[in-house]
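Chemist: Handing you this structure, nothing more for now.
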Amino acid sequence: MTAISTPAETIQGVRVRGLRRAFGGRVVLDDVDLDIAPGEFVALLGASGSGKSTLLRAVGRLDRQAEGELRVPEQRAIVFQEHRLLPWSQVWRNVTLGLTGPDLRRQALHALTEVGLAARADAWPTTLSGGESQRVALARALVRTPELLLLDEPFGALDALTRLKAQALVARLWSRHRPAVLLVTHDVEEALLLADRALLLEDGKIAREIIVDIPRPRSLDHPRFATLRRRL
Ligand code: ADP
Ligand code: MG
């Protein structure tokens with residue numbers, strides 16, 4: 001009778017019920033329910049303006065005016081389409097921005113190694129390419145060991161080849177650390193490449209759910225990824 005049980009509160013996914021958000025009377029999210037299990041990778045698809053970012057911001061508790069019931073892990077990190085690095089701080093300082101403790105540089109180097117950018121630890125953000133900046137943004141998320149990772153079109157501004165590499169990196173990082181992920185994207189193939197489940201947001205509601213049953217690790221050789229292959 002010595003088994004140690006983990007308190008239920010410490011391992012939890014996302015549970016959203018009746019989420020509603022309107023801007024000036026125009027309803028953008030209309031009674032949305034959403035569950036993400038611990039370690040599950042969920043993609044959120046939808047046309048531009050359908051409310052994907054609004055939903056992601058609400059789940060990240062960045063929108064105090066969203067109404068509804070929300071349970072999300074405390075340990076969470078967000079990566080936006082634009083990297084939002086501070087230009088006056090070196091790369092490694094950006095990675096540990098807002099954190100305190102004795103070995104921040106070591107932690108930053110560890111996270112930067114995971115995204116293949118340890119060599120740029122002392123560089124200034126303005127000297128990085130778009131793809132490198134997004135990898136730094138991923139390192140900044142990783143260093144927080146998130147139980148929930150929120151990604152808002154993180155590869156949207158990258159060229160096709162750089163995007164493929166970034167997608168492969170996210171797949172690798174996810175399988176290594178297994179956070180729950182909510183990835184906002186308008187790219188169906190990206191959703192199929194990365195997610196366990198894809199949700200379609202339409203008219204303020206989750207209109208469809210697609211279970212992605214392509215086995216992992218997902219190879220670009222799979223017939224579903226013909227378009228992605230052509231971009232190579
Ligand atoms: P998506 O990310 O799917 O492109 P958004 O969530 O950014 O869509 O926006 C959904 C809708 O809500 C859009 O019509 C947008 O103009 C509107 N919207 C988003 N944020 C605001 C805001 N702060 N004020 C007014 N309208 C907003
Ligand atoms: Mg958006």
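Every chain in the structure tokens takes a letter, A first, then B, and so on in the order presented; its residues are numbered from 1, and the ligands are numbered from 1 following the presented order.
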Write as a count of residues only the residues around ligand 2, taking 12 Å as the cut-off and counting only C-alpha atoms and all ligand atoms.
Modeler: 27
Chemist: For Glu40 in chain A, work out the shell of residues within 9 Å, counting only C-alpha atoms and skipping chain neighbours fewer than 4 positions away, then give it as a count of residues only.
Modeler: 10
Chemist: Would you mind telling me which residue in A:Ala160, A:Leu200, A:Ile214, A:Val143 lies nearest to Thr227 in chain A when using only C-alpha atoms?
Modeler: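 Closest residue, counting only C-alpha atoms: A:Ala160.
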Chemist: Where does DSSP see alpha helix (DSSP H) in chain A, if you list the residues as a PyMOL selection string?
Modeler: chain A and resi 52-59+91-95+104-114+130-142+160-177+188-194+226-230
Chemist: For a test of reading the model, state the distance in Å between CA of Arg218 in chain A and CA of Leu194 in chain A, rounded to one decimal.
Modeler: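 Between these atoms lies a distance of 8.0 Å.
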Chemist: Show me, as a list in words, the residues that have an atom within 9 Å of Trp88 in chain A when counting only C-alpha atoms, minus same-chain residues fewer than 5 positions from it.
Modeler: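 My list of contacting residues is Trp124, Pro125 and Thr126 of chain A.
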Chemist: Write to file, as a compact mmCIF listing (two decimals), in the first residue's frame, the residues of the selection just made, with C-alpha atoms.
Modeler:
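Output below, filename part_32.txt:
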# COMPACT_ATOMS: atom_id res chain seq x y z
CA TRP A 124 20.82 39.66 -31.49
CA PRO A 125 17.33 38.80 -32.72
CA THR A 126 17.60 41.19 -35.68
Chemist: Would you please work out which residue, of A:Gly101, A:Thr96, A:Leu193, A:Gly60, is nearest to Arg172 in chain A when using only C-alpha atoms?
Modeler: A:Leu193
Chemist: In Å, with one decimal, what is the gap from CA of Leu29 in chain A to CA of Glu69 in chain A?
Modeler: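 One can read the CA of Leu29 in chain A to CA of Glu69 in chain A distance as 13.2 Å.
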Chemist: Using only C-alpha atoms, pick whichever of A:Val42, A:Leu149, A:Asn94, A:Val79 has the shortest atom-to-atom distance to Glu190 in chain A.
Modeler: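 Between A:Val42, A:Leu149, A:Asn94, A:Val79, the residue approaching Glu190 in chain A most closely is A:Val42.
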Chemist: Counting only C-alpha atoms and all ligand atoms, which residue out of A:Asp35, A:Asp63, A:Glu114, A:Asp221 sits closest to ligand 1?
Modeler: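 Going through A:Asp35, A:Asp63, A:Glu114, A:Asp221 one by one, the smallest distance to ligand 1 is for A:Asp63.
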Chemist: Under the rule that only C-alpha atoms and all ligand atoms are counted, which of A:Val16, A:Trp92, A:Ala108, A:Glu202 is the nearest residue to ligand 1?
Modeler: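 Of A:Val16, A:Trp92, A:Ala108, A:Glu202, the one nearest ligand 1, counting only C-alpha atoms and all ligand atoms, is A:Glu202.
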Chemist: Show which residues sit within 9 Å of Leu169 in chain A, as a count of residues only. Count only C-alpha atoms, and ignore same-chain residues fewer than 3 positions away.
Modeler: 9
Chemist: Quick check for you: according to DSSP on this backbone, which residues of range 22-168 of chain A are classed as strand (DSSP E)? Reply as a PyMOL selection string.
Modeler: chain A and resi 22-23+26-36+41-45+67-71+76-79+148-152
Chemist: What separation in Å, quoted to one decimal, exists between CA of Ala111 in chain A and CA of Leu192 in chain A?
Modeler: 26.3 Å
Chemist: With only C-alpha atoms and all ligand atoms as the atoms that count, which of A:Leu97, A:Ala168, A:Val27, A:Ala123 lies nearest to ligand 1?
Modeler: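 The shortest atom-to-atom distance to ligand 1 comes from A:Val27.
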Chemist: Show me, as a PyMOL selection string, the residues that have an atom within 10 Å of Glu132 in chain A when counting only C-alpha atoms, minus same-chain residues fewer than 2 positions from it.
Modeler: chain A and resi 83+115-117+120+125+127-130+134-138+162+166
Chemist: Take the residues from that selection and write them out as a PDB file, in the first residue's frame, keeping N, CA and C atoms.
Modeler:
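Final output, out08.pdb:
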ATOM      1  N   HIS A  83       7.238  36.376 -34.086  1.00  0.00           N
ATOM      2  CA  HIS A  83       7.978  35.746 -32.988  1.00  0.00           C
ATOM      3  C   HIS A  83       7.961  36.545 -31.692  1.00  0.00           C
ATOM      4  N   VAL A 115      16.286  23.167 -30.299  1.00  0.00           N
ATOM      5  CA  VAL A 115      15.802  23.708 -31.565  1.00  0.00           C
ATOM      6  C   VAL A 115      16.957  23.955 -32.537  1.00  0.00           C
ATOM      7  N   GLY A 116      18.154  23.453 -32.173  1.00  0.00           N
ATOM      8  CA  GLY A 116      19.301  23.535 -33.082  1.00  0.00           C
ATOM      9  C   GLY A 116      19.915  24.915 -33.194  1.00  0.00           C
ATOM     10  N   LEU A 117      19.793  25.726 -32.143  1.00  0.00           N
ATOM     11  CA  LEU A 117      20.285  27.107 -32.244  1.00  0.00           C
ATOM     12  C   LEU A 117      21.209  27.513 -31.092  1.00  0.00           C
ATOM     13  N   ARG A 120      23.646  30.270 -31.624  1.00  0.00           N
ATOM     14  CA  ARG A 120      23.206  31.661 -31.762  1.00  0.00           C
ATOM     15  C   ARG A 120      22.770  32.284 -30.445  1.00  0.00           C
ATOM     16  N   PRO A 125      18.470  39.298 -31.934  1.00  0.00           N
ATOM     17  CA  PRO A 125      17.327  38.803 -32.723  1.00  0.00           C
ATOM     18  C   PRO A 125      17.257  39.357 -34.145  1.00  0.00           C
ATOM     19  N   THR A 127      19.477  39.704 -36.208  1.00  0.00           N
ATOM     20  CA  THR A 127      20.380  39.017 -37.140  1.00  0.00           C
ATOM     21  C   THR A 127      19.850  37.628 -37.515  1.00  0.00           C
ATOM     22  N   LEU A 128      18.692  37.236 -37.002  1.00  0.00           N
ATOM     23  CA  LEU A 128      18.147  35.903 -37.279  1.00  0.00           C
ATOM     24  C   LEU A 128      17.190  35.940 -38.470  1.00  0.00           C
ATOM     25  N   SER A 129      17.093  34.812 -39.161  1.00  0.00           N
ATOM     26  CA  SER A 129      16.082  34.664 -40.213  1.00  0.00           C
ATOM     27  C   SER A 129      14.713  34.426 -39.566  1.00  0.00           C
ATOM     28  N   GLY A 130      13.674  34.460 -40.382  1.00  0.00           N
ATOM     29  CA  GLY A 130      12.323  34.221 -39.869  1.00  0.00           C
ATOM     30  C   GLY A 130      12.187  32.850 -39.225  1.00  0.00           C
ATOM     31  N   GLN A 134      11.478  31.924 -35.202  1.00  0.00           N
ATOM     32  CA  GLN A 134      10.395  31.077 -34.697  1.00  0.00           C
ATOM     33  C   GLN A 134      10.942  29.927 -33.860  1.00  0.00           C
ATOM     34  N   ARG A 135      12.137  29.439 -34.222  1.00  0.00           N
ATOM     35  CA  ARG A 135      12.744  28.382 -33.404  1.00  0.00           C
ATOM     36  C   ARG A 135      13.123  28.933 -32.024  1.00  0.00           C
ATOM     37  N   VAL A 136      13.584  30.180 -31.980  1.00  0.00           N
ATOM     38  CA  VAL A 136      13.868  30.800 -30.678  1.00  0.00           C
ATOM     39  C   VAL A 136      12.563  30.933 -29.882  1.00  0.00           C
ATOM     40  N   ALA A 137      11.493  31.320 -30.568  1.00  0.00           N
ATOM     41  CA  ALA A 137      10.204  31.432 -29.884  1.00  0.00           C
ATOM     42  C   ALA A 137       9.777  30.066 -29.334  1.00  0.00           C
ATOM     43  N   LEU A 138      10.068  28.999 -30.078  1.00  0.00           N
ATOM     44  CA  LEU A 138       9.768  27.645 -29.586  1.00  0.00           C
ATOM     45  C   LEU A 138      10.632  27.313 -28.368  1.00  0.00           C
ATOM     46  N   THR A 162      11.245  26.134 -45.260  1.00  0.00           N
ATOM     47  CA  THR A 162      11.500  26.436 -43.852  1.00  0.00           C
ATOM     48  C   THR A 162      10.326  25.974 -42.994  1.00  0.00           C
ATOM     49  N   ALA A 166      10.279  23.418 -39.855  1.00  0.00           N
ATOM     50  CA  ALA A 166       9.725  23.833 -38.559  1.00  0.00           C
ATOM     51  C   ALA A 166       8.635  22.855 -38.109  1.00  0.00           C
TER      52      ALA A 166
END
Chemist: Please identify all polymer residues within 12 Å of Arg26 in chain A, counting only C-alpha atoms, omitting same-chain residues fewer than 4 positions from it, and present them as a list in words.
Modeler: Arg20, Arg21, Ala22, Asp30, Gly51, Asp203 and Gly204 of chain A
